[in-house]
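Student: For reference, this is final-v4.txt, and it has compact mmCIF, C-alpha atoms.
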# COMPACT_ATOMS: atom_id res chain seq x y z
CA ARG Q 1 0.00 0.00 0.00
CA VAL Q 2 1.12 3.56 -0.62
CA ALA Q 3 -0.03 6.94 0.72
CA LEU Q 4 0.88 10.20 -1.03
CA VAL Q 5 0.49 13.31 1.14
CA ALA Q 6 0.61 16.82 -0.32
CA ARG Q 7 0.83 19.46 2.38
CA SER Q 8 1.05 23.17 3.03
CA GLU Q 9 2.89 24.92 5.84
CA GLU Q 10 0.21 24.17 8.41
CA GLY Q 11 1.70 21.11 10.06
CA LEU Q 12 -1.51 19.09 10.42
CA ILE Q 13 -0.54 16.64 7.74
CA GLU Q 14 2.47 15.19 9.60
CA THR Q 15 0.19 14.01 12.39
CA ARG Q 16 -2.22 12.57 9.88
CA ALA Q 17 0.54 10.85 7.97
CA GLU Q 18 1.92 9.27 11.13
CA LEU Q 19 -1.49 7.80 11.93
CA LEU Q 20 -2.02 6.47 8.42
CA GLY Q 21 1.36 4.85 8.79
CA ARG Q 22 -0.28 2.29 11.03
CA GLU Q 23 -1.68 0.73 7.87
CA GLU Q 24 0.21 2.07 4.86
CA GLU Q 25 3.56 0.54 3.97
CA ARG Q 26 4.90 3.37 1.80
CA LEU Q 27 4.42 7.02 2.72
CA ARG Q 28 5.41 9.88 0.38
CA LEU Q 29 5.31 13.42 1.80
CA CYS Q 30 5.27 16.27 -0.73
CA ARG Q 31 6.25 19.82 0.15
CA ARG Q 32 7.11 22.99 -1.68
CA GLY Q 33 10.75 23.30 -2.65
CA GLY Q 34 11.59 25.96 -0.07
CA GLU Q 35 10.27 24.07 2.93
CA SER Q 36 12.26 22.10 5.46
CA SER Q 37 13.46 18.74 4.21
CA ASP Q 38 13.43 17.14 7.66
CA LEU Q 39 10.98 14.32 8.25
CA PRO Q 40 8.26 14.92 10.85
CA PRO Q 41 9.51 13.91 14.34
CA ALA Q 42 6.98 11.09 14.52
CA GLU Q 43 8.47 9.59 11.36
CA ALA Q 44 12.14 10.33 11.99
CA ASN Q 45 11.97 8.59 15.36
CA ARG Q 46 9.86 5.65 14.26
CA GLU Q 47 11.14 2.26 15.39
CA PRO Q 48 11.13 -0.55 12.80
CA SER Q 49 8.00 -2.64 13.08
CA PRO Q 50 8.53 -6.23 14.29
CA SER Q 51 6.34 -7.35 11.41
CA PRO Q 52 7.78 -6.91 7.89
CA ARG Q 53 4.24 -6.34 6.62
CA ARG Q 54 3.95 -3.25 8.83
CA ARG Q 55 7.34 -1.67 8.07
CA LEU Q 56 6.82 1.98 7.05
CA ASP Q 57 8.93 3.39 4.22
CA VAL Q 58 8.86 7.21 4.39
CA SER Q 59 10.34 9.67 1.90
CA LEU Q 60 10.06 13.41 1.27
CA HIS Q 61 9.67 15.07 -2.14
CA ALA Q 62 9.83 18.72 -3.22
CA VAL Q 63 6.90 19.52 -5.51
CA ASP Q 64 5.71 23.09 -6.15
CA LEU Q 65 2.00 22.71 -6.85
CA SER Q 66 1.71 26.44 -7.55
CA ASP Q 67 4.03 26.11 -10.57
CA ILE Q 68 1.41 25.18 -13.16
CA ASP Q 69 3.82 25.32 -16.12
CA GLY Q 70 6.16 22.79 -14.50
CA LEU Q 71 3.52 20.68 -12.77
CA ASP Q 72 3.36 17.80 -15.25
CA ALA Q 73 7.14 17.33 -15.19
CA SER Q 74 7.17 17.43 -11.38
CA LEU Q 75 4.39 14.87 -11.19
CA ASP Q 76 6.17 12.62 -13.67
CA GLU Q 77 9.17 12.50 -11.33
CA LEU Q 78 6.98 12.08 -8.26
CA PHE Q 79 4.99 9.14 -9.62
CA ALA Q 80 8.15 7.48 -10.89
CA SER Q 81 9.49 7.55 -7.33
CA VAL Q 82 6.16 6.49 -5.81
CA SER Q 83 6.15 3.43 -8.06
CA GLY Q 84 9.69 2.57 -7.03
CA GLY Q 85 8.44 0.03 -4.52
CA ASP Q 86 7.02 -2.06 -7.38
CA GLU Q 87 10.20 -2.19 -9.42
CA GLY Q 88 10.84 -5.76 -8.32
CA GLU Q 89 7.81 -7.03 -10.22
CA ALA Q 90 9.67 -7.36 -13.52
CA GLU Q 91 12.43 -9.46 -11.97
CA ALA Q 92 9.88 -11.60 -10.15
CA GLU Q 93 7.97 -12.30 -13.34
CA GLU Q 94 11.19 -13.25 -15.13
CA GLU Q 95 11.90 -15.77 -12.35
CA GLY Q 96 8.36 -17.11 -12.33
CA ARG Q 97 7.55 -15.99 -8.79
CA THR Q 98 4.96 -13.58 -7.37
CA ALA Q 99 6.15 -10.14 -6.24
CA PRO Q 100 4.27 -8.03 -3.69
CA THR Q 101 2.15 -5.38 -5.39
CA THR Q 102 0.52 -2.13 -4.36
CA THR Q 103 -3.14 -2.89 -3.68
CA ARG Q 104 -4.27 0.47 -2.31
CA ALA Q 105 -3.22 4.04 -3.07
CA ILE Q 106 -4.27 7.07 -1.00
CA LEU Q 107 -3.82 10.74 -1.87
CA ILE Q 108 -4.28 13.30 0.92
CA ASN Q 109 -4.15 16.84 -0.43
CA ASN Q 110 -3.71 19.54 2.21
CA ALA Q 111 -1.78 21.99 -0.01
CA ALA Q 112 -3.60 25.33 -0.12
CA SER Q 113 -3.34 29.04 0.61
CA LEU Q 114 -5.72 31.63 2.02
CA GLY Q 115 -5.42 33.78 -1.08
CA PRO Q 116 -6.37 37.46 -1.04
CA LEU Q 117 -8.59 38.51 1.88
CA GLY Q 118 -11.11 41.35 2.05
CA ARG Q 119 -14.51 42.25 0.66
CA CYS Q 120 -15.23 40.88 -2.81
CA ARG Q 121 -16.45 44.31 -4.00
CA ALA Q 122 -13.27 45.96 -2.71
CA ASP Q 123 -14.52 49.56 -2.78
CA ASP Q 124 -13.91 50.35 0.89
CA PRO Q 125 -10.29 51.40 1.53
CA THR Q 126 -10.52 50.32 5.18
CA VAL Q 127 -11.24 46.69 4.24
CA ASP Q 128 -9.77 46.58 0.75
CA PHE Q 129 -9.25 43.30 -1.06
CA GLU Q 130 -5.65 42.27 -0.40
CA GLY Q 131 -3.56 41.66 -3.49
CA SER Q 132 -3.99 42.00 -7.21
CA LEU Q 133 -5.53 40.05 -10.06
CA ALA Q 134 -2.25 38.12 -10.30
CA ASP Q 135 -2.50 37.21 -6.59
CA LEU Q 136 -6.03 35.92 -7.06
CA ARG Q 137 -4.98 33.88 -10.07
CA SER Q 138 -2.03 32.43 -8.15
CA ALA Q 139 -4.34 31.35 -5.32
CA ILE Q 140 -6.75 29.68 -7.75
CA ASP Q 141 -3.87 27.92 -9.49
CA LEU Q 142 -2.68 26.40 -6.20
CA ASN Q 143 -6.04 25.77 -4.55
CA VAL Q 144 -8.02 24.56 -7.57
CA THR Q 145 -6.07 24.00 -10.80
CA SER Q 146 -3.19 22.02 -9.32
CA TYR Q 147 -5.56 20.11 -7.03
CA ALA Q 148 -7.75 18.96 -9.92
CA TRP Q 149 -4.73 18.05 -12.06
CA LEU Q 150 -3.00 16.14 -9.26
CA CYS Q 151 -6.19 14.15 -8.60
CA ARG Q 152 -6.51 13.34 -12.28
CA ARG Q 153 -2.90 12.24 -12.60
CA PHE Q 154 -3.02 10.24 -9.34
CA VAL Q 155 -6.14 8.29 -10.26
CA ARG Q 156 -4.90 7.64 -13.79
CA HIS Q 157 -1.45 6.52 -12.60
CA PHE Q 158 -2.75 4.05 -10.03
CA SER Q 159 -5.51 2.74 -12.28
CA SER Q 160 -2.95 1.03 -14.50
CA SER Q 161 -3.62 -2.69 -14.75
CA LEU Q 162 -0.25 -3.77 -16.12
CA SER Q 163 2.88 -4.52 -14.16
CA PRO Q 164 5.92 -2.24 -14.82
CA SER Q 165 7.39 -4.79 -17.19
CA GLY Q 166 4.29 -4.67 -19.37
CA LYS Q 167 3.82 -8.43 -19.03
CA GLY Q 168 0.64 -10.04 -17.83
CA HIS Q 169 -2.53 -8.42 -16.55
CA ARG Q 170 -2.00 -8.56 -12.80
CA ARG Q 171 -3.61 -5.61 -11.04
CA ARG Q 172 -1.17 -3.25 -9.29
CA VAL Q 173 -3.89 -1.28 -7.46
CA VAL Q 174 -7.49 -2.24 -6.79
CA ARG Q 175 -8.58 0.73 -4.64
CA VAL Q 176 -7.66 4.39 -5.04
CA THR Q 177 -8.72 6.91 -2.37
CA VAL Q 178 -8.53 10.69 -2.83
CA VAL Q 179 -8.84 12.83 0.31
CA ASN Q 180 -9.36 16.56 -0.09
CA ILE Q 181 -8.71 18.53 3.10
CA SER Q 182 -11.79 20.71 2.97
CA SER Q 183 -13.30 23.33 5.27
CA LEU Q 184 -16.58 24.73 6.52
CA CYS Q 185 -15.75 27.49 4.01
CA ALA Q 186 -16.62 25.04 1.24
CA VAL Q 187 -20.28 24.94 2.27
CA GLN Q 188 -20.85 28.24 4.09
CA PRO Q 189 -20.02 31.84 3.06
CA PHE Q 190 -17.51 33.66 5.27
CA PRO Q 191 -17.36 37.44 4.66
CA THR Q 192 -13.96 38.71 3.40
CA MET Q 193 -12.80 35.15 2.68
CA GLY Q 194 -14.26 34.94 -0.83
CA ALA Q 195 -11.14 33.62 -2.57
CA TYR Q 196 -10.59 30.91 0.04
CA CYS Q 197 -14.27 29.86 0.02
CA LEU Q 198 -14.16 29.75 -3.78
CA GLY Q 199 -11.20 27.38 -3.75
CA LYS Q 200 -12.63 25.07 -1.09
CA ALA Q 201 -16.05 24.88 -2.75
CA ALA Q 202 -14.49 24.15 -6.16
CA ARG Q 203 -12.37 21.33 -4.71
CA ASP Q 204 -15.37 19.76 -3.00
CA MET Q 205 -17.38 19.84 -6.23
CA PHE Q 206 -14.54 18.40 -8.30
CA GLY Q 207 -14.27 15.51 -5.85
CA ALA Q 208 -18.04 14.97 -5.91
CA VAL Q 209 -18.02 14.88 -9.72
CA LEU Q 210 -15.09 12.44 -9.78
CA ALA Q 211 -16.92 10.15 -7.36
CA LYS Q 212 -20.16 10.40 -9.34
CA GLU Q 213 -18.39 9.48 -12.58
CA GLU Q 214 -16.70 6.48 -11.00
CA ASP Q 215 -19.93 5.26 -9.37
CA GLN Q 216 -22.01 5.66 -12.53
CA GLY Q 217 -19.95 3.54 -14.85
CA PRO Q 218 -16.27 2.71 -14.45
CA ALA Q 219 -14.35 1.62 -17.51
CA LYS Q 220 -14.12 -2.09 -18.24
CA GLU Q 221 -10.97 -4.07 -18.87
CA GLU Q 222 -10.55 -7.30 -20.75
CA ASP Q 223 -8.91 -10.59 -19.72
CA GLY Q 224 -6.16 -11.27 -17.23
CA GLU Q 225 -6.05 -11.28 -13.47
CA VAL Q 226 -7.28 -8.80 -10.92
CA GLY Q 227 -6.11 -8.71 -7.32
CA ASP Q 228 -8.24 -8.01 -4.31
CA GLU Q 229 -7.21 -5.80 -1.38
CA GLU Q 230 -5.38 -8.63 0.31
CA GLY Q 231 -3.19 -9.26 -2.72
CA HIS Q 232 -5.03 -12.39 -3.92
CA SER Q 233 -5.94 -12.69 -7.58
CA SER Q 234 -8.43 -14.43 -9.79
CA SER Q 235 -8.32 -14.99 -13.53
CA SER Q 236 -11.05 -14.01 -15.92
CA SER Q 237 -12.27 -16.51 -18.45
CA SER Q 238 -10.31 -17.06 -21.61
CA GLY Q 239 -13.29 -15.79 -23.52
CA GLY Q 240 -12.35 -12.22 -22.66
CA SER Q 241 -15.05 -11.33 -20.12
CA SER Q 242 -14.99 -7.77 -18.81
CA ARG Q 243 -14.44 -6.74 -15.21
CA PRO Q 244 -14.79 -3.45 -13.29
CA ALA Q 245 -11.85 -1.08 -13.22
CA VAL Q 246 -10.28 -0.06 -9.92
CA VAL Q 247 -12.54 1.29 -7.19
CA VAL Q 248 -12.07 5.06 -6.78
CA ARG Q 249 -13.18 6.65 -3.50
CA VAL Q 250 -13.28 10.40 -2.77
CA LEU Q 251 -13.63 12.11 0.60
CA ASN Q 252 -13.89 15.84 1.30
CA TYR Q 253 -12.88 16.10 4.97
CA ALA Q 254 -13.18 19.33 6.98
CA PRO Q 255 -10.86 18.91 10.01
CA GLY Q 256 -12.45 21.68 12.08
CA PRO Q 257 -10.80 24.93 13.26
CA LEU Q 258 -7.14 24.25 14.11
CA ASP Q 259 -4.32 26.19 15.74
CA THR Q 260 -2.14 26.70 12.66
CA ASP Q 261 -0.15 29.45 10.98
CA MET Q 262 -3.20 30.12 8.84
CA THR Q 263 -5.57 30.74 11.73
CA ARG Q 264 -3.00 32.93 13.47
CA ARG Q 265 -2.72 35.03 10.35
CA LEU Q 266 -6.51 35.37 10.23
CA ALA Q 267 -6.60 36.46 13.87
CA GLU Q 268 -4.29 39.38 13.06
CA CYS Q 269 -5.49 40.32 9.56
CA ASP Q 270 -7.05 43.80 9.31
CA ALA Q 271 -8.73 42.88 6.02
CA LEU Q 272 -10.71 40.07 7.68
CA ASP Q 273 -14.30 40.62 8.79
CA GLU Q 274 -14.18 42.04 12.31
CA SER Q 275 -16.43 39.42 13.89
CA LEU Q 276 -14.45 36.61 12.28
CA ARG Q 277 -11.15 38.10 13.40
CA GLY Q 278 -12.48 38.38 16.94
CA TRP Q 279 -13.66 34.76 16.90
CA PHE Q 280 -10.24 33.50 15.80
CA ARG Q 281 -8.49 35.58 18.47
CA GLU Q 282 -10.74 34.36 21.26
CA SER Q 283 -10.54 30.74 20.15
CA LEU Q 284 -6.75 30.83 20.03
CA ARG Q 285 -6.49 32.53 23.42
CA GLY Q 286 -9.02 30.19 25.00
CA GLY Q 287 -7.47 27.04 23.56
CA THR Q 288 -10.79 25.90 22.09
CA MET Q 289 -9.46 24.91 18.68
CA VAL Q 290 -9.81 21.27 17.59
CA ASP Q 291 -6.93 19.05 18.72
CA LEU Q 292 -4.63 18.08 15.82
CA ASP Q 293 -4.21 14.48 16.96
CA ASP Q 294 -7.94 14.04 17.43
CA THR Q 295 -8.96 15.25 13.97
CA ALA Q 296 -6.09 13.29 12.39
CA ARG Q 297 -7.28 10.14 14.11
CA ARG Q 298 -10.83 10.64 12.93
CA LEU Q 299 -9.68 11.07 9.35
CA ALA Q 300 -7.40 8.04 9.52
CA ASP Q 301 -10.25 5.91 10.85
CA LEU Q 302 -12.56 7.09 8.07
CA VAL Q 303 -10.03 6.29 5.36
CA VAL Q 304 -8.83 2.96 6.74
CA ARG Q 305 -12.34 1.73 7.50
CA ASP Q 306 -13.64 3.19 4.23
CA GLU Q 307 -16.84 4.24 5.99
CA PHE Q 308 -18.09 7.27 4.07
CA GLU Q 309 -20.39 8.02 1.15
CA ASN Q 310 -18.34 8.45 -2.00
CA GLY Q 311 -17.74 12.11 -2.85
CA THR Q 312 -19.36 13.43 0.31
CA HIS Q 313 -18.30 16.33 2.57
CA VAL Q 314 -17.63 15.15 6.12
CA ASP Q 315 -16.94 17.58 8.96
CA TYR Q 316 -14.99 16.78 12.11
CA TYR Q 317 -18.08 17.51 14.21
CA ASP Q 318 -20.19 15.11 12.13
CA LEU Q 319 -18.18 12.25 13.63
CA ASP Q 320 -18.79 12.93 17.33
CA GLY Q 321 -21.15 9.97 17.70
CA ARG Q 322 -19.01 7.62 15.62
CA GLN Q 323 -15.78 8.31 17.44
CA GLY Q 324 -16.80 6.64 20.68
CA GLU Q 325 -17.70 3.44 18.85
CA ALA Q 326 -14.39 3.45 16.95
CA GLU Q 327 -12.36 3.97 20.12
CA LYS Q 328 -14.19 1.11 21.87
CA GLU Q 329 -13.51 -1.23 18.95
CA GLU Q 330 -9.83 -0.25 18.91
CA ALA Q 331 -9.56 -0.86 22.67
CA ASP Q 332 -11.17 -4.29 22.28
CA LYS Q 333 -8.57 -5.20 19.63
CA GLU Q 334 -5.68 -4.13 21.87
CA ALA Q 335 -7.12 -6.06 24.79
Output the file's structure in the form of structure tokens.

Tutor:
Amino acid sequence: RVALVARSEEGLIETRAELLGREEERLRLCRRGGESSDLPPAEANREPSPSPRRRLDVSLHAVDLSDIDGLDASLDELFASVSGGDEGEAEAEEEGRTAPTTTRAILINNAASLGPLGRCRADDPTVDFEGSLADLRSAIDLNVTSYAWLCRRFVRHFSSSLSPSGKGHRRRVVRVTVVNISSLCAVQPFPTMGAYCLGKAARDMFGAVLAKEEDQGPAKEEDGEVGDEEGHSSSSSSGGSSRPAVVVRVLNYAPGPLDTDMTRRLAECDALDESLRGWFRESLRGGTMVDLDDTARRLADLVVRDEFENGTHVDYYDLDGRQGEAEKEEADKEA
């Protein structure tokens, strides 16, 4: 299994990645080129798992998702490295043995920016729209254009049915999950945050459309073998019967209000709506923001258990009732 995590400067994603590492064998963290190249502490200090099946392979990659002109080339390099764990398939096939394959791929996209803040009409000099047309375009490129393109490339890459050697029809991936880190701003209007709300709403809708397309009628493939999630396989008949393509799952997850660089900027931004700015300040001072570990755990449980409607928007607070049941089940397993 492999998880690809695209992040911004907020820091939430390291916690989330560490939790997903309980299940995923290969973890690829993607950051902008100018960010720190150190692994998150939870990963750098990880002890090798006693079980080879649970060993976590972590690597960091510099990918600038705001560079639209160079995005395809960057993604080519990224996916080549992500597929590196399958490079032994060709040798295994030559020797007539079965090599371990990737059966599940997960993309978690947390890369985003606030974009320009201020009233959309921007005719009041006291609350003027921050930035220029170029700033707005840059925000849309990062928050929407690169997100949609990364999703498209990710799903297409991991929907390949052939092994790297091009021999045989053994499925490399049978389930692809795309997680968009969403926000309440995707479904509710927040004054002076028009650019940010625009980006979040567009991402949610793109994910919903992707899920709808996959649910309505996935492509069919002919002949060969298809593996299930446990790595087993079954052959289709020699008559060339068709079978469903990989299962694609999409989740728009709003993690709740968090204590991040973004919220601290909002608490001090003069261009932000006064009531919003006051709410952020009071929440930060009072320590009432959602706990990073808690929201990360809820997301990890959703993804690992695969318990969500495809393409839906799920908020942290929607899971309050579910969380107690999940924690009880986890405790029973440990006992």

Student: Take CA of Arg285 (chain Q) and CA of Met262 (chain Q) and report the distance between them in Å, one decimal.

Tutor: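 It comes out at 15.1 Å.
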
Student: I need the residue nearest Leu142 (chain Q) from this list: Q:Tyr317, Q:Tyr196, Q:Phe206, Q:Phe280. Use only C-alpha atoms for the distance.

Tutor: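 Counting only C-alpha atoms, the residue closest to Leu142 (chain Q) is Q:Tyr196.
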
Student: For Val187 (chain Q), work out the shell of residues within 10 Å, counting all atoms listed in the file and skipping chain neighbours fewer than 4 positions away, then give it as a PDB file with C-alpha atoms, in the coordinates of the input.

Tutor:
ATOM      1  CA  SER Q 182     -11.790  20.710   2.970  1.00  0.00           C
ATOM      2  CA  SER Q 183     -13.300  23.330   5.270  1.00  0.00           C
ATOM      3  CA  CYS Q 197     -14.270  29.860   0.020  1.00  0.00           C
ATOM      4  CA  LEU Q 198     -14.160  29.750  -3.780  1.00  0.00           C
ATOM      5  CA  LYS Q 200     -12.630  25.070  -1.090  1.00  0.00           C
ATOM      6  CA  ALA Q 201     -16.050  24.880  -2.750  1.00  0.00           C
ATOM      7  CA  ASP Q 204     -15.370  19.760  -3.000  1.00  0.00           C
ATOM      8  CA  HIS Q 313     -18.300  16.330   2.570  1.00  0.00           C
TER       9      HIS Q 313
END

Student: Tell me, as a list in words, which residues lie within 10 Å of region 256-258 of chain Q, counting all atoms listed in the file; anything in the same chain fewer than 4 positions away does not count.

Tutor: Glu10, Leu12, Ser182, Ser183, Leu184, Met262, Thr263, Arg264, Phe280, Ser283, Leu284, Gly287, Thr288, Met289, Val290, Asp291, Leu292, Thr295, Asp315, Tyr316 and Tyr317 of chain Q

Student: Hey, what's within 12 Å of Asp135 (chain Q) if we count all atoms listed in the file and toss same-chain stuff fewer than 3 positions away? As an MDAnalysis selection string, please?

Tutor: chainID Q and resid 66 113:117 129:132 138:142 195
